[in-house]
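Structure file upload-v3.cif (mmCIF, C-alpha atoms, pLDDT in the B column; chains and numbers go by the auth columns) is printed below.
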```cif
data_coords
loop_
_atom_site.group_PDB
_atom_site.id
_atom_site.type_symbol
_atom_site.label_atom_id
_atom_site.label_comp_id
_atom_site.label_asym_id
_atom_site.label_seq_id
_atom_site.Cartn_x
_atom_site.Cartn_y
_atom_site.Cartn_z
_atom_site.B_iso_or_equiv
_atom_site.auth_seq_id
_atom_site.auth_asym_id
ATOM 1 C CA MET A 1 76.276 -2.540 32.547 45.00 993 A
ATOM 2 C CA THR A 2 74.660 0.642 31.340 44.00 994 A
ATOM 3 C CA LEU A 3 71.206 1.268 29.975 42.00 995 A
ATOM 4 C CA LYS A 4 72.687 1.998 26.551 45.00 996 A
ATOM 5 C CA SER A 5 74.262 -1.436 26.357 42.00 997 A
ATOM 6 C CA LEU A 6 70.921 -3.124 27.075 43.00 998 A
ATOM 7 C CA THR A 7 69.058 -1.437 24.209 46.00 999 A
ATOM 8 C CA PRO A 8 69.666 -2.895 20.763 49.00 1000 A
ATOM 9 C CA ASN A 9 71.654 -0.844 18.316 50.00 1001 A
ATOM 10 C CA PHE A 10 69.054 0.266 15.743 45.00 1002 A
ATOM 11 C CA SER A 11 69.885 2.812 13.149 51.00 1003 A
ATOM 12 C CA PRO A 12 67.034 4.587 11.328 49.00 1004 A
ATOM 13 C CA LEU A 13 67.806 2.522 8.213 44.00 1005 A
ATOM 14 C CA LYS A 14 67.552 -0.775 10.132 48.00 1006 A
ATOM 15 C CA CYS A 15 64.308 0.447 11.717 41.00 1007 A
ATOM 16 C CA PHE A 16 62.816 1.270 8.279 43.00 1008 A
ATOM 17 C CA ALA A 17 63.860 -2.121 6.898 43.00 1009 A
ATOM 18 C CA LEU A 18 62.252 -3.921 9.837 43.00 1010 A
ATOM 19 C CA ILE A 19 58.974 -1.975 9.500 51.00 1011 A
ATOM 20 C CA ALA A 20 58.919 -2.602 5.737 47.00 1012 A
ATOM 21 C CA ALA A 21 59.446 -6.318 6.344 50.00 1013 A
ATOM 22 C CA PHE A 22 56.398 -6.396 8.619 53.00 1014 A
ATOM 23 C CA LEU A 23 54.203 -4.244 6.368 52.00 1015 A
ATOM 24 C CA LEU A 24 54.939 -6.077 3.119 49.00 1016 A
ATOM 25 C CA PRO A 25 52.607 -9.043 3.834 54.00 1017 A
ATOM 26 C CA ILE A 26 49.880 -6.665 5.046 50.00 1018 A
ATOM 27 C CA ALA A 27 50.134 -4.594 1.864 47.00 1019 A
ATOM 28 C CA GLY A 28 49.752 -7.787 -0.192 47.00 1020 A
ATOM 29 C CA ALA A 29 46.619 -8.720 1.707 50.00 1021 A
ATOM 30 C CA GLN A 30 45.200 -5.238 1.196 51.00 1022 A
ATOM 31 C CA ALA A 31 45.797 -5.451 -2.553 49.00 1023 A
ATOM 32 C CA GLN A 32 43.286 -8.303 -2.732 67.00 1024 A
ATOM 33 C CA GLU A 33 40.072 -6.416 -1.986 83.00 1025 A
ATOM 34 C CA SER A 34 37.159 -8.056 -0.262 89.00 1026 A
ATOM 35 C CA LYS A 35 33.725 -7.949 -1.825 94.00 1027 A
ATOM 36 C CA VAL A 36 31.115 -6.891 0.718 96.00 1028 A
ATOM 37 C CA GLY A 37 27.342 -6.793 0.384 96.00 1029 A
ATOM 38 C CA PHE A 38 24.401 -5.646 2.462 96.00 1030 A
ATOM 39 C CA VAL A 39 20.757 -6.744 2.502 96.00 1031 A
ATOM 40 C CA SER A 40 17.976 -4.825 4.282 95.00 1032 A
ATOM 41 C CA THR A 41 15.899 -7.425 6.100 94.00 1033 A
ATOM 42 C CA GLU A 42 13.307 -4.755 6.838 94.00 1034 A
ATOM 43 C CA ARG A 43 12.817 -4.118 3.115 95.00 1035 A
ATOM 44 C CA ILE A 44 12.655 -7.858 2.435 96.00 1036 A
ATOM 45 C CA PHE A 45 9.864 -8.279 5.015 95.00 1037 A
ATOM 46 C CA ARG A 46 8.038 -5.249 3.621 95.00 1038 A
ATOM 47 C CA GLU A 47 8.458 -5.739 -0.163 96.00 1039 A
ATOM 48 C CA ALA A 48 9.166 -9.391 -0.994 96.00 1040 A
ATOM 49 C CA ALA A 49 6.327 -11.410 -2.492 96.00 1041 A
ATOM 50 C CA PRO A 50 6.746 -14.293 0.001 96.00 1042 A
ATOM 51 C CA ALA A 51 6.546 -11.818 2.907 96.00 1043 A
ATOM 52 C CA LYS A 52 3.432 -10.183 1.450 96.00 1044 A
ATOM 53 C CA ALA A 53 1.869 -13.627 0.921 96.00 1045 A
ATOM 54 C CA ALA A 54 2.663 -14.586 4.507 96.00 1046 A
ATOM 55 C CA GLN A 55 1.087 -11.361 5.775 96.00 1047 A
ATOM 56 C CA ALA A 56 -2.068 -11.973 3.694 96.00 1048 A
ATOM 57 C CA LYS A 57 -2.237 -15.562 4.971 96.00 1049 A
ATOM 58 C CA ILE A 58 -2.006 -14.375 8.580 97.00 1050 A
ATOM 59 C CA GLU A 59 -4.625 -11.655 8.064 96.00 1051 A
ATOM 60 C CA GLN A 60 -7.016 -14.174 6.517 96.00 1052 A
ATOM 61 C CA GLU A 61 -6.316 -16.664 9.292 96.00 1053 A
ATOM 62 C CA PHE A 62 -7.000 -14.147 12.075 96.00 1054 A
ATOM 63 C CA SER A 63 -9.731 -12.004 10.494 96.00 1055 A
ATOM 64 C CA LYS A 64 -12.592 -13.941 12.100 96.00 1056 A
ATOM 65 C CA ARG A 65 -11.112 -13.626 15.607 96.00 1057 A
ATOM 66 C CA ASP A 66 -10.348 -9.953 14.997 96.00 1058 A
ATOM 67 C CA LYS A 67 -13.978 -9.351 13.997 97.00 1059 A
ATOM 68 C CA GLU A 68 -15.186 -11.194 17.126 96.00 1060 A
ATOM 69 C CA LEU A 69 -12.950 -8.978 19.269 96.00 1061 A
ATOM 70 C CA GLN A 70 -14.276 -5.838 17.589 97.00 1062 A
ATOM 71 C CA ASP A 71 -17.833 -7.001 18.189 96.00 1063 A
ATOM 72 C CA LEU A 72 -17.059 -7.751 21.827 95.00 1064 A
ATOM 73 C CA ALA A 73 -15.468 -4.295 22.240 96.00 1065 A
ATOM 74 C CA SER A 74 -18.600 -2.686 20.756 96.00 1066 A
ATOM 75 C CA ARG A 75 -20.819 -4.691 23.087 94.00 1067 A
ATOM 76 C CA LEU A 76 -18.654 -3.661 26.044 94.00 1068 A
ATOM 77 C CA LYS A 77 -18.850 0.018 25.091 95.00 1069 A
ATOM 78 C CA SER A 78 -22.602 -0.225 24.563 94.00 1070 A
ATOM 79 C CA MET A 79 -23.108 -1.827 27.991 92.00 1071 A
ATOM 80 C CA SER A 80 -20.900 0.803 29.618 92.00 1072 A
ATOM 81 C CA ASP A 81 -22.765 3.662 27.911 92.00 1073 A
ATOM 82 C CA ARG A 82 -26.140 2.166 28.897 91.00 1074 A
ATOM 83 C CA LEU A 83 -24.990 1.769 32.505 88.00 1075 A
ATOM 84 C CA ASP A 84 -23.788 5.380 32.622 89.00 1076 A
ATOM 85 C CA LYS A 85 -27.072 6.603 31.140 89.00 1077 A
ATOM 86 C CA ASP A 86 -29.304 4.490 33.403 87.00 1078 A
ATOM 87 C CA ALA A 87 -27.240 4.699 36.612 82.00 1079 A
ATOM 88 C CA ALA A 88 -29.354 7.475 38.130 84.00 1080 A
ATOM 89 C CA VAL A 89 -32.660 5.585 37.764 87.00 1081 A
ATOM 90 C CA LEU A 90 -31.431 2.056 38.599 86.00 1082 A
ATOM 91 C CA SER A 91 -31.876 0.443 41.963 89.00 1083 A
ATOM 92 C CA GLU A 92 -28.693 -0.208 43.922 90.00 1084 A
ATOM 93 C CA SER A 93 -28.900 -3.980 43.362 91.00 1085 A
ATOM 94 C CA GLU A 94 -29.553 -3.600 39.612 89.00 1086 A
ATOM 95 C CA ARG A 95 -26.661 -1.137 39.257 88.00 1087 A
ATOM 96 C CA VAL A 96 -24.273 -3.492 41.127 90.00 1088 A
ATOM 97 C CA LYS A 97 -25.488 -6.412 38.987 91.00 1089 A
ATOM 98 C CA ARG A 98 -24.807 -4.488 35.735 89.00 1090 A
ATOM 99 C CA GLN A 99 -21.416 -3.313 36.984 92.00 1091 A
ATOM 100 C CA ARG A 100 -20.492 -6.937 37.758 95.00 1092 A
ATOM 101 C CA GLU A 101 -21.654 -8.057 34.286 93.00 1093 A
ATOM 102 C CA LEU A 102 -19.645 -5.242 32.735 93.00 1094 A
ATOM 103 C CA ALA A 103 -16.540 -6.152 34.766 95.00 1095 A
ATOM 104 C CA ASP A 104 -16.892 -9.838 33.804 95.00 1096 A
ATOM 105 C CA LEU A 105 -17.298 -8.949 30.138 94.00 1097 A
ATOM 106 C CA ASP A 106 -14.273 -6.622 30.340 95.00 1098 A
ATOM 107 C CA LYS A 107 -12.153 -9.413 31.898 97.00 1099 A
ATOM 108 C CA ASP A 108 -13.270 -11.790 29.152 95.00 1100 A
ATOM 109 C CA PHE A 109 -12.446 -9.168 26.507 96.00 1101 A
ATOM 110 C CA GLN A 110 -8.981 -8.497 27.995 97.00 1102 A
ATOM 111 C CA ARG A 111 -8.216 -12.241 28.121 97.00 1103 A
ATOM 112 C CA LYS A 112 -9.361 -12.837 24.536 96.00 1104 A
ATOM 113 C CA GLN A 113 -7.441 -9.786 23.325 97.00 1105 A
ATOM 114 C CA ARG A 114 -4.240 -10.968 25.055 97.00 1106 A
ATOM 115 C CA GLU A 115 -4.632 -14.503 23.610 97.00 1107 A
ATOM 116 C CA PHE A 116 -5.283 -13.036 20.170 97.00 1108 A
ATOM 117 C CA ARG A 117 -2.097 -10.915 20.296 97.00 1109 A
ATOM 118 C CA GLU A 118 -0.018 -13.860 21.546 98.00 1110 A
ATOM 119 C CA ASP A 119 -1.348 -16.198 18.850 97.00 1111 A
ATOM 120 C CA LEU A 120 -0.941 -13.528 16.163 97.00 1112 A
ATOM 121 C CA ASN A 121 2.659 -12.813 17.182 97.00 1113 A
ATOM 122 C CA GLN A 122 3.501 -16.506 17.277 97.00 1114 A
ATOM 123 C CA ARG A 123 2.077 -17.107 13.787 97.00 1115 A
ATOM 124 C CA ARG A 124 3.757 -13.972 12.429 96.00 1116 A
ATOM 125 C CA ASN A 125 7.098 -15.146 13.828 96.00 1117 A
ATOM 126 C CA GLU A 126 6.595 -18.607 12.292 96.00 1118 A
ATOM 127 C CA GLU A 127 5.801 -17.159 8.866 96.00 1119 A
ATOM 128 C CA LEU A 128 8.634 -14.608 8.985 95.00 1120 A
ATOM 129 C CA ALA A 129 11.069 -17.359 9.975 96.00 1121 A
ATOM 130 C CA ILE A 130 10.103 -19.222 6.789 96.00 1122 A
ATOM 131 C CA VAL A 131 10.591 -16.053 4.718 96.00 1123 A
ATOM 132 C CA LEU A 132 13.929 -15.380 6.417 96.00 1124 A
ATOM 133 C CA GLU A 133 15.136 -18.932 5.780 97.00 1125 A
ATOM 134 C CA ARG A 134 14.253 -18.623 2.095 97.00 1126 A
ATOM 135 C CA THR A 135 15.887 -15.161 1.975 97.00 1127 A
ATOM 136 C CA ASN A 136 19.084 -16.506 3.497 97.00 1128 A
ATOM 137 C CA LYS A 137 19.253 -19.236 0.844 97.00 1129 A
ATOM 138 C CA VAL A 138 18.842 -16.636 -1.903 97.00 1130 A
ATOM 139 C CA ILE A 139 21.504 -14.410 -0.332 97.00 1131 A
ATOM 140 C CA LYS A 140 23.893 -17.349 -0.116 97.00 1132 A
ATOM 141 C CA GLN A 141 23.281 -18.214 -3.790 97.00 1133 A
ATOM 142 C CA ILE A 142 23.920 -14.626 -4.862 97.00 1134 A
ATOM 143 C CA ALA A 143 27.006 -14.390 -2.642 96.00 1135 A
ATOM 144 C CA GLU A 144 28.468 -17.591 -4.083 96.00 1136 A
ATOM 145 C CA THR A 145 27.597 -16.737 -7.682 96.00 1137 A
ATOM 146 C CA GLU A 146 28.922 -13.187 -7.526 96.00 1138 A
ATOM 147 C CA LYS A 147 31.834 -14.077 -5.221 95.00 1139 A
ATOM 148 C CA TYR A 148 30.976 -11.950 -2.198 95.00 1140 A
ATOM 149 C CA ASP A 149 33.274 -12.467 0.781 95.00 1141 A
ATOM 150 C CA ILE A 150 30.652 -11.364 3.288 95.00 1142 A
ATOM 151 C CA VAL A 151 27.044 -10.161 3.219 96.00 1143 A
ATOM 152 C CA PHE A 152 25.572 -8.288 6.185 95.00 1144 A
ATOM 153 C CA GLN A 153 21.892 -8.222 7.018 93.00 1145 A
ATOM 154 C CA GLU A 154 22.015 -5.707 9.857 88.00 1146 A
ATOM 155 C CA ALA A 155 24.036 -2.509 9.881 90.00 1147 A
ATOM 156 C CA VAL A 156 23.832 0.972 11.300 91.00 1148 A
ATOM 157 C CA TYR A 157 24.813 2.310 7.894 92.00 1149 A
ATOM 158 C CA ALA A 158 25.436 0.683 4.539 91.00 1150 A
ATOM 159 C CA SER A 159 26.476 2.442 1.375 93.00 1151 A
ATOM 160 C CA PRO A 160 24.038 2.044 -1.511 94.00 1152 A
ATOM 161 C CA ARG A 161 27.072 0.856 -3.497 95.00 1153 A
ATOM 162 C CA ILE A 162 27.121 -2.445 -1.536 95.00 1154 A
ATOM 163 C CA ASP A 163 23.340 -2.824 -1.083 95.00 1155 A
ATOM 164 C CA ILE A 164 22.173 -5.968 -2.893 96.00 1156 A
ATOM 165 C CA THR A 165 18.625 -5.915 -1.504 96.00 1157 A
ATOM 166 C CA ASP A 166 17.124 -5.305 -4.951 96.00 1158 A
ATOM 167 C CA LYS A 167 18.869 -8.413 -6.332 96.00 1159 A
ATOM 168 C CA VAL A 168 17.546 -10.481 -3.415 96.00 1160 A
ATOM 169 C CA LEU A 169 14.017 -9.097 -3.878 96.00 1161 A
ATOM 170 C CA LYS A 170 14.131 -9.873 -7.582 96.00 1162 A
ATOM 171 C CA ALA A 171 15.194 -13.465 -6.858 96.00 1163 A
ATOM 172 C CA LEU A 172 12.558 -13.918 -4.137 95.00 1164 A
ATOM 173 C CA ASN A 173 9.786 -12.522 -6.326 94.00 1165 A
ATOM 174 C CA LYS A 174 10.406 -15.045 -9.111 89.00 1166 A
#
```
Encoded form using structure tokens:
Amino acid sequence: MTLKSLTPNFSPLKCFALIAAFLLPIAGAQAQESKVGFVSTERIFREAAPAKAAQAKIEQEFSKRDKELQDLASRLKSMSDRLDKDAAVLSESERVKRQRELADLDKDFQRKQREFREDLNQRRNEELAIVLERTNKVIKQIAETEKYDIVFQEAVYASPRIDITDKVLKALNK
């Protein structure tokens, strides 16, 4: 048996016919174009009325604690400045006492600031999750109504031709 007898006998015409037979179904699938859309989640969170309302709600909710933190920071700075100014004329025990008070106040400030940031981030995430859930419902309605095959919310690049963010914003702002 030779190598030539093991290989099938394909003429160029048979090869072309076989390739055409495989490509015909693919060409049919390509003829039916998919409808693709893109929504910028960043723009939704920045421009949509529900996102703006959520941000205002959070700011109002945390404004009192933010003010308390600012006041505490001012008090801390004032104590530090006073200690620096008076350090030369203070007795050793008085200077150590003030340094300890300053360190305790700084620890308290750091703890309250950390708790504030954690609470703020948690509330922001809760509110944005609500906005995102509502946004996803709107996107799904638009996609079904306008017969989109797929809608992306994250992309490295999206052509303005497929960007439906304005439609989603309009629906959310109603």
**OP:** Find the distance between atom CA of A:Lys1162 and atom CA of A:Leu1112 and write it in Å to one decimal.
**Re:** 28.4 Å
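A straight line drawn from atom CA of A:Ile1131 to atom CA of A:Val1160 is 6.4 Å long.
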**OP:** Go ahead and compute the interatomic distance for atom CA of A:Glu1119 and atom CA of A:Arg1106, in Å to one decimal.
**Re:**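 Computed distance, atom CA of A:Glu1119 to atom CA of A:Arg1106, equals 20.0 Å.
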Using the chain letters and numbering of this document, enumerate as a PDB file with C-alpha atoms, in the frame of the given file the residues selected by the PyMOL selection byres ((chain A and resi 1139-1141) around 12).
```pdb
ATOM      1  CA  GLN A1024      43.286  -8.303  -2.732  1.00 67.00           C
ATOM      2  CA  GLU A1025      40.072  -6.416  -1.986  1.00 83.00           C
ATOM      3  CA  SER A1026      37.159  -8.056  -0.262  1.00 89.00           C
ATOM      4  CA  LYS A1027      33.725  -7.949  -1.825  1.00 94.00           C
ATOM      5  CA  VAL A1028      31.115  -6.891   0.718  1.00 96.00           C
ATOM      6  CA  GLY A1029      27.342  -6.793   0.384  1.00 96.00           C
ATOM      7  CA  PHE A1030      24.401  -5.646   2.462  1.00 96.00           C
ATOM      8  CA  ILE A1131      21.504 -14.410  -0.332  1.00 97.00           C
ATOM      9  CA  LYS A1132      23.893 -17.349  -0.116  1.00 97.00           C
ATOM     10  CA  GLN A1133      23.281 -18.214  -3.790  1.00 97.00           C
ATOM     11  CA  ILE A1134      23.920 -14.626  -4.862  1.00 97.00           C
ATOM     12  CA  ALA A1135      27.006 -14.390  -2.642  1.00 96.00           C
ATOM     13  CA  GLU A1136      28.468 -17.591  -4.083  1.00 96.00           C
ATOM     14  CA  THR A1137      27.597 -16.737  -7.682  1.00 96.00           C
ATOM     15  CA  GLU A1138      28.922 -13.187  -7.526  1.00 96.00           C
ATOM     16  CA  ILE A1142      30.652 -11.364   3.288  1.00 95.00           C
ATOM     17  CA  VAL A1143      27.044 -10.161   3.219  1.00 96.00           C
ATOM     18  CA  PHE A1144      25.572  -8.288   6.185  1.00 95.00           C
ATOM     19  CA  ILE A1154      27.121  -2.445  -1.536  1.00 95.00           C
ATOM     20  CA  ASP A1155      23.340  -2.824  -1.083  1.00 95.00           C
ATOM     21  CA  ILE A1156      22.173  -5.968  -2.893  1.00 96.00           C
TER      22      ILE A1156
END
```
Expanded to explicit residues, what is the PyMOL selection byres ((chain A and resi 1063-1080) around 8) for this file, as a short mmCIF file (atom, residue, chain, number, x, y, z; two decimals) with C-alpha atoms, in the coordinates of the input?
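What landed in result_38.cif:
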```cif
data_model
loop_
_atom_site.label_atom_id
_atom_site.label_comp_id
_atom_site.auth_asym_id
_atom_site.auth_seq_id
_atom_site.Cartn_x
_atom_site.Cartn_y
_atom_site.Cartn_z
CA LYS A 1059 -13.98 -9.35 14.00
CA GLU A 1060 -15.19 -11.19 17.13
CA LEU A 1061 -12.95 -8.98 19.27
CA GLN A 1062 -14.28 -5.84 17.59
CA VAL A 1081 -32.66 5.58 37.76
CA LEU A 1082 -31.43 2.06 38.60
CA ARG A 1087 -26.66 -1.14 39.26
CA ARG A 1090 -24.81 -4.49 35.74
CA GLN A 1091 -21.42 -3.31 36.98
CA LEU A 1094 -19.64 -5.24 32.74
CA LEU A 1097 -17.30 -8.95 30.14
CA ASP A 1098 -14.27 -6.62 30.34
CA PHE A 1101 -12.45 -9.17 26.51
#
```
